[in-house]
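Note sheet for the following structure.
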Amino acid sequence: MIPVALLPEPDPYISEAILTAGGELTDLDSARVLVWTGDVAGFPEPLPDRIEWVQLRLAGIESFLNAGLLDDKRIWTNASGFYAENVAEHALALLLTGLRQINTAVRTRWDKDAVDTSVRSLHGSTVAIVGAGGIARSLIPRLAACGAAVIAVNRSGRDVEGAMETLPFDRLDEVWSRVDHVVLAAPSTDETRHLINAKSLAAMRSHAWLINVARGPLVDEDALHRALVDGEIAGAALDVTDPEPPATDSPLWELPNVIITPHVANPSSGLKRTLAPWVGENLRRFAAGGDDMLARVDPNASY
């Protein structure tokens with residue numbers, strides 16, 4: 001049996017998954033594996049040398065990278081793709097809320113003139129998903145059910161199932177003017193910082209909605225505010241911001257064509273329950289040699 005430390009606190013779902021997969025729960029000093037369900041604060045440093053693999057509960061691991069915690073002495077896995085179903089569902093909800101002007105309707109209390117002329121249908125539109133990984137694979141069939149087509153954008157340009165076309169990141173500038181709406185699902189890296197900027201916003205269609213369920217730094221929020229005020233795009237729905245939460249005096253709060261949700265695309269109420277089966281599967285893969293671990297982190301690529 002593989003000794004596993006589950007920290008900083010026990011969880012019945014993850015504990016059961018570990019035991020079912022052939023692990024045994026133990027303290028950190030006796031463990032070969034650390035399943036860390038907390039944030040960067042309190043992470044044990046330095047780790048005992050005998051820890052061969054660390055499983056993190058987060059998909060975005062910038063805080064761990066910035067703290068210099070990731071190393072090449074052991075395997076690191078994050079939660080990339082584990083929560084795809086939840087996040088895809090939220091992305092679709094945000095997009096439909098904006099297109100159907102539900103956000104305006106709830107503010108105006110039955111002002112048909114304020115809503116009716118701005119309502120658009122998702123049916124027949126084309127949506128770009130930038131960062132076409134697990135979230136995209138979950139979102140594409142949901143969009144298809146609404147009658148929308150998808151252009152997927154990923155690093156390699158390798159075809160994504162269900163997308164009508166897949167393009168590599170280095171052709172991203174071609175995408176903005178071709179699509180009706182944009183969903184961001186990419187990791188936060190030096191390459192993706194402010195990929196939504198004044199230039200990309202100016203290239204988008206005036207009826208476009210921008211949906212960000214990825215990371216706040218992907219969007220230049222000053223440029224976004226200007227584009228929204230000037231009518232370059234129709235609206236933005238953000239589950240993540242930079243900084244997070246937005247400052248109380250952020251001008252985005254005041255815009256009627258902005259929807260901000262408090263980073264709840266993946267609600268905390270289901271985090272550990274969702275993570276549990278993936279921990280079990282990764283433990284089985286680790287026991288088999290660790291060559292095909294799910295969501296293995298490349299410290300040099302920042303995700």
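Letters A, B, ... go to the chains of the structure tokens in the order shown; residues in each chain start at 1; ligands are counted from 1 in the same order.
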Residues at most 6 Å from region 238-252 of chain A, counting only C-alpha atoms, excluding those fewer than 5 positions away in the same chain, as an mmCIF file with all heavy atoms, in the first residue's frame?
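The resulting file, around-v6.cif, is reproduced below:
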data_model
loop_
_atom_site.group_PDB
_atom_site.id
_atom_site.type_symbol
_atom_site.label_atom_id
_atom_site.label_comp_id
_atom_site.auth_asym_id
_atom_site.auth_seq_id
_atom_site.Cartn_x
_atom_site.Cartn_y
_atom_site.Cartn_z
ATOM 1 N N ILE A 211 -16.463 36.143 -22.447
ATOM 2 C CA ILE A 211 -16.696 35.364 -21.223
ATOM 3 C C ILE A 211 -15.337 34.904 -20.697
ATOM 4 O O ILE A 211 -14.575 34.253 -21.421
ATOM 5 C CB ILE A 211 -17.571 34.120 -21.500
ATOM 6 C CG1 ILE A 211 -18.815 34.477 -22.325
ATOM 7 C CG2 ILE A 211 -17.924 33.437 -20.186
ATOM 8 C CD1 ILE A 211 -19.741 35.471 -21.670
ATOM 9 N N ASN A 212 -15.031 35.216 -19.439
ATOM 10 C CA ASN A 212 -13.768 34.772 -18.850
ATOM 11 C C ASN A 212 -14.035 33.892 -17.644
ATOM 12 O O ASN A 212 -14.471 34.356 -16.591
ATOM 13 C CB ASN A 212 -12.899 35.964 -18.440
ATOM 14 C CG ASN A 212 -11.486 35.534 -18.045
ATOM 15 O OD1 ASN A 212 -11.128 34.360 -18.143
ATOM 16 N ND2 ASN A 212 -10.676 36.478 -17.593
ATOM 17 N N VAL A 213 -13.782 32.580 -17.818
ATOM 18 C CA VAL A 213 -13.862 31.628 -16.709
ATOM 19 C C VAL A 213 -12.487 31.020 -16.453
ATOM 20 O O VAL A 213 -12.365 29.963 -15.838
ATOM 21 C CB VAL A 213 -14.896 30.513 -16.987
ATOM 22 C CG1 VAL A 213 -16.308 31.063 -16.943
ATOM 23 C CG2 VAL A 213 -14.622 29.823 -18.323
ATOM 24 N N ARG A 215 -8.570 32.884 -16.005
ATOM 25 C CA ARG A 215 -7.810 33.626 -15.004
ATOM 26 C C ARG A 215 -7.899 35.107 -15.331
ATOM 27 O O ARG A 215 -7.899 35.504 -16.507
ATOM 28 C CB ARG A 215 -6.341 33.196 -14.975
ATOM 29 C CG ARG A 215 -6.102 31.698 -14.908
ATOM 30 C CD ARG A 215 -6.697 31.068 -13.679
ATOM 31 N NE ARG A 215 -6.008 31.439 -12.451
ATOM 32 C CZ ARG A 215 -6.402 31.055 -11.243
ATOM 33 N NH1 ARG A 215 -7.496 30.319 -11.110
ATOM 34 N NH2 ARG A 215 -5.729 31.420 -10.179
ATOM 35 N N GLY A 216 -7.935 35.939 -14.308
ATOM 36 C CA GLY A 216 -8.093 37.369 -14.493
ATOM 37 C C GLY A 216 -7.039 38.026 -15.365
ATOM 38 O O GLY A 216 -7.366 38.881 -16.203
ATOM 39 N N PRO A 217 -5.744 37.679 -15.207
ATOM 40 C CA PRO A 217 -4.711 38.371 -15.975
ATOM 41 C C PRO A 217 -4.777 38.173 -17.488
ATOM 42 O O PRO A 217 -4.048 38.844 -18.221
ATOM 43 C CB PRO A 217 -3.402 37.773 -15.413
ATOM 44 C CG PRO A 217 -3.745 37.355 -14.024
ATOM 45 C CD PRO A 217 -5.155 36.845 -14.127
ATOM 46 N N ILE A 260 -20.413 40.240 -13.350
ATOM 47 C CA ILE A 260 -19.283 39.734 -12.562
ATOM 48 C C ILE A 260 -19.812 38.751 -11.532
ATOM 49 O O ILE A 260 -20.686 39.099 -10.730
ATOM 50 C CB ILE A 260 -18.523 40.874 -11.863
ATOM 51 C CG1 ILE A 260 -17.946 41.857 -12.888
ATOM 52 C CG2 ILE A 260 -17.400 40.312 -10.993
ATOM 53 C CD1 ILE A 260 -17.271 43.072 -12.271
ATOM 54 N N THR A 261 -19.306 37.530 -11.583
ATOM 55 C CA THR A 261 -19.619 36.549 -10.548
ATOM 56 C C THR A 261 -18.348 36.284 -9.746
ATOM 57 O O THR A 261 -17.233 36.372 -10.280
ATOM 58 C CB THR A 261 -20.161 35.236 -11.156
ATOM 59 O OG1 THR A 261 -19.235 34.731 -12.140
ATOM 60 C CG2 THR A 261 -21.503 35.472 -11.824
ATOM 61 N N PRO A 262 -18.455 35.981 -8.458
ATOM 62 C CA PRO A 262 -17.297 35.965 -7.556
ATOM 63 C C PRO A 262 -16.494 34.662 -7.579
ATOM 64 O O PRO A 262 -16.319 34.004 -6.553
ATOM 65 C CB PRO A 262 -17.923 36.215 -6.191
ATOM 66 C CG PRO A 262 -19.280 35.605 -6.301
ATOM 67 C CD PRO A 262 -19.728 35.842 -7.711
ATOM 68 N N HIS A 263 -15.983 34.314 -8.762
ATOM 69 C CA HIS A 263 -15.134 33.126 -8.922
ATOM 70 C C HIS A 263 -15.833 31.882 -8.364
ATOM 71 O O HIS A 263 -15.298 31.163 -7.517
ATOM 72 C CB HIS A 263 -13.784 33.327 -8.231
ATOM 73 C CG HIS A 263 -12.692 32.473 -8.818
ATOM 74 N ND1 HIS A 263 -11.371 32.845 -8.816
ATOM 75 C CD2 HIS A 263 -12.727 31.261 -9.433
ATOM 76 C CE1 HIS A 263 -10.632 31.902 -9.386
ATOM 77 N NE2 HIS A 263 -11.444 30.924 -9.768
#
Who sits within 9 Å of region 120-134 of chain A, only C-alpha atoms, same chain under 5 positions skipped, as a ChimeraX atom specification:
/A:80-85,88,95-96,98-101,139-140,143-155,160,166,169,172,175-176,178-187,207,214
Name the residues of region 24-239 of chain A that come out as strand (DSSP E) in a backbone DSSP run; write them as a tab-separated table (two decimals) with N, CA and C atoms, in the first residue's frame.
chain	number	residue	atom	x	y	z
A	24	GLU	N	-2.85	4.15	1.76
A	24	GLU	CA	-3.12	4.18	3.19
A	24	GLU	C	-2.80	5.58	3.70
A	25	LEU	N	-3.64	6.08	4.58
A	25	LEU	CA	-3.48	7.43	5.11
A	25	LEU	C	-2.45	7.43	6.23
A	33	VAL	N	3.30	10.25	-0.82
A	33	VAL	CA	2.41	11.10	-1.60
A	33	VAL	C	1.78	12.13	-0.68
A	34	LEU	N	1.68	13.38	-1.17
A	34	LEU	CA	0.96	14.42	-0.44
A	34	LEU	C	-0.21	14.88	-1.31
A	35	VAL	N	-1.42	14.75	-0.78
A	35	VAL	CA	-2.61	15.34	-1.40
A	35	VAL	C	-2.92	16.60	-0.62
A	36	TRP	N	-2.69	17.75	-1.24
A	36	TRP	CA	-2.84	19.04	-0.56
A	36	TRP	C	-4.13	19.70	-1.01
A	53	TRP	N	5.32	12.55	-4.97
A	53	TRP	CA	4.26	13.14	-5.79
A	53	TRP	C	3.38	14.02	-4.92
A	54	VAL	N	3.04	15.22	-5.44
A	54	VAL	CA	2.14	16.14	-4.77
A	54	VAL	C	0.94	16.40	-5.67
A	55	GLN	N	-0.26	16.16	-5.14
A	55	GLN	CA	-1.50	16.48	-5.85
A	55	GLN	C	-2.09	17.75	-5.24
A	56	LEU	N	-2.29	18.78	-6.07
A	56	LEU	CA	-2.90	20.04	-5.62
A	56	LEU	C	-4.37	20.06	-6.02
A	75	ILE	N	6.96	14.47	-8.75
A	75	ILE	CA	5.82	14.71	-9.65
A	75	ILE	C	4.87	15.70	-8.97
A	76	TRP	N	4.38	16.67	-9.76
A	76	TRP	CA	3.35	17.59	-9.31
A	76	TRP	C	2.16	17.48	-10.25
A	77	THR	N	0.97	17.36	-9.69
A	77	THR	CA	-0.24	17.38	-10.51
A	77	THR	C	-1.19	18.41	-9.92
A	126	THR	N	-21.19	31.69	-33.84
A	126	THR	CA	-19.90	31.00	-33.74
A	126	THR	C	-19.17	31.52	-32.52
A	127	VAL	N	-18.69	30.60	-31.70
A	127	VAL	CA	-18.03	30.94	-30.44
A	127	VAL	C	-16.59	30.47	-30.49
A	128	ALA	N	-15.66	31.34	-30.15
A	128	ALA	CA	-14.26	30.94	-30.00
A	128	ALA	C	-14.03	30.52	-28.56
A	129	ILE	N	-13.38	29.37	-28.37
A	129	ILE	CA	-12.94	28.96	-27.05
A	129	ILE	C	-11.42	28.99	-27.07
A	130	VAL	N	-10.85	29.92	-26.32
A	130	VAL	CA	-9.41	30.12	-26.30
A	130	VAL	C	-8.84	29.37	-25.11
A	149	ALA	N	-21.75	26.97	-33.28
A	149	ALA	CA	-20.52	26.32	-33.73
A	149	ALA	C	-19.33	26.87	-32.96
A	150	VAL	N	-18.22	26.14	-32.97
A	150	VAL	CA	-17.06	26.51	-32.16
A	150	VAL	C	-15.80	26.52	-33.01
A	151	ILE	N	-15.00	27.58	-32.85
A	151	ILE	CA	-13.61	27.58	-33.29
A	151	ILE	C	-12.77	27.43	-32.02
A	152	ALA	N	-12.01	26.36	-31.94
A	152	ALA	CA	-11.18	26.09	-30.77
A	152	ALA	C	-9.76	26.59	-31.03
A	153	VAL	N	-9.14	27.12	-29.97
A	153	VAL	CA	-7.76	27.60	-30.06
A	153	VAL	C	-6.95	26.92	-28.97
A	154	ASN	N	-5.89	26.23	-29.37
A	154	ASN	CA	-4.99	25.60	-28.39
A	154	ASN	C	-3.54	25.81	-28.82
A	165	GLU	N	-13.46	23.96	-36.31
A	165	GLU	CA	-12.10	24.28	-36.72
A	165	GLU	C	-11.25	24.47	-35.47
A	166	THR	N	-9.98	24.07	-35.54
A	166	THR	CA	-9.05	24.27	-34.43
A	166	THR	C	-7.83	25.00	-34.96
A	167	LEU	N	-7.43	26.05	-34.26
A	167	LEU	CA	-6.28	26.84	-34.66
A	167	LEU	C	-5.27	26.90	-33.53
A	168	PRO	N	-3.99	27.04	-33.86
A	168	PRO	CA	-2.96	27.20	-32.82
A	168	PRO	C	-2.95	28.62	-32.28
A	181	HIS	N	-18.70	35.42	-30.42
A	181	HIS	CA	-18.44	35.53	-28.98
A	181	HIS	C	-17.16	34.78	-28.66
A	182	VAL	N	-16.56	35.13	-27.50
A	182	VAL	CA	-15.28	34.56	-27.10
A	182	VAL	C	-15.38	34.06	-25.66
A	183	VAL	N	-14.95	32.81	-25.45
A	183	VAL	CA	-14.86	32.24	-24.10
A	183	VAL	C	-13.38	31.98	-23.81
A	184	LEU	N	-12.88	32.50	-22.70
A	184	LEU	CA	-11.50	32.29	-22.29
A	184	LEU	C	-11.43	31.13	-21.31
A	209	TRP	N	-19.91	39.07	-27.07
A	209	TRP	CA	-19.75	38.98	-25.62
A	209	TRP	C	-18.46	38.23	-25.31
A	210	LEU	N	-17.72	38.75	-24.34
A	210	LEU	CA	-16.49	38.12	-23.86
A	210	LEU	C	-16.79	37.44	-22.53
A	211	ILE	N	-16.46	36.14	-22.45
A	211	ILE	CA	-16.70	35.36	-21.22
A	211	ILE	C	-15.34	34.90	-20.70
A	212	ASN	N	-15.03	35.22	-19.44
A	212	ASN	CA	-13.77	34.77	-18.85
A	212	ASN	C	-14.04	33.89	-17.64
A	235	GLY	N	-20.68	43.19	-24.55
A	235	GLY	CA	-20.66	42.98	-23.12
A	235	GLY	C	-19.58	42.00	-22.70
A	236	ALA	N	-19.41	41.89	-21.39
A	236	ALA	CA	-18.42	40.97	-20.83
A	236	ALA	C	-18.99	40.33	-19.58
A	237	ALA	N	-18.74	39.04	-19.41
A	237	ALA	CA	-19.14	38.30	-18.22
A	237	ALA	C	-17.89	37.66	-17.64
A	238	LEU	N	-17.57	38.04	-16.42
A	238	LEU	CA	-16.30	37.66	-15.81
A	238	LEU	C	-16.53	36.91	-14.51
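Coordinates place CA of Thr117 (chain A) at a distance of 12.8 Å from CA of Ile102 (chain A).
For region 278-291 of chain A, the residues within 6 Å (counting only C-alpha atoms, excluding itself and residues fewer than 5 positions away along the chain) are Ala17, Ile18 and Ala21 of chain A.
When only C-alpha atoms are used to compute distances to Ala91 (chain A), the closest of the residues A:Pro44, A:Leu271, A:Ala265, A:Leu28 turns out to be A:Ala265.
Straight-line separation from CA of Asp190 (chain A) to CA of Asp170 (chain A): 14.2 Å.
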Taking into account only C-alpha atoms, which residue in the set A:Ala79, A:Leu69, A:Leu58, A:Leu201 is nearest to Gly231 (chain A)?
A:Leu201
Residue nearest Thr37 (chain A) among A:Glu9, A:Asp292, A:Glu52, A:Glu16 (counting only C-alpha atoms):
A:Glu9
For CA of Ser200 (chain A) and CA of Ser118 (chain A), determine how far apart the two atoms are, in Å to one decimal place.
22.9 Å
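Residues in contact with Arg50 (chain A) at 9 Å, where only C-alpha atoms are counted and same-chain residues fewer than 6 positions away are skipped, are listed as Asp29, Ser30, Ala31, Arg32 and Val33 of chain A.
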Dump as a PDB file, in the first residue's frame, selection limited to C-alpha atoms:
ATOM      1  CA  ASP A  29       6.892  12.340   7.450  1.00  0.00           C
ATOM      2  CA  SER A  30       5.875   8.770   6.595  1.00  0.00           C
ATOM      3  CA  ALA A  31       4.211   9.480   3.262  1.00  0.00           C
ATOM      4  CA  ARG A  32       5.346   9.037  -0.323  1.00  0.00           C
ATOM      5  CA  VAL A  33       2.410  11.100  -1.599  1.00  0.00           C
TER       6      VAL A  33
END
Running DSSP on the backbone, which parts of region 96-221 of chain A land in helix (DSSP H, G or I), as an MDAnalysis selection string?
chainID A and resid 96:99 102:108 112:116 134:145 169:174 176:178 198:203 216:218 221
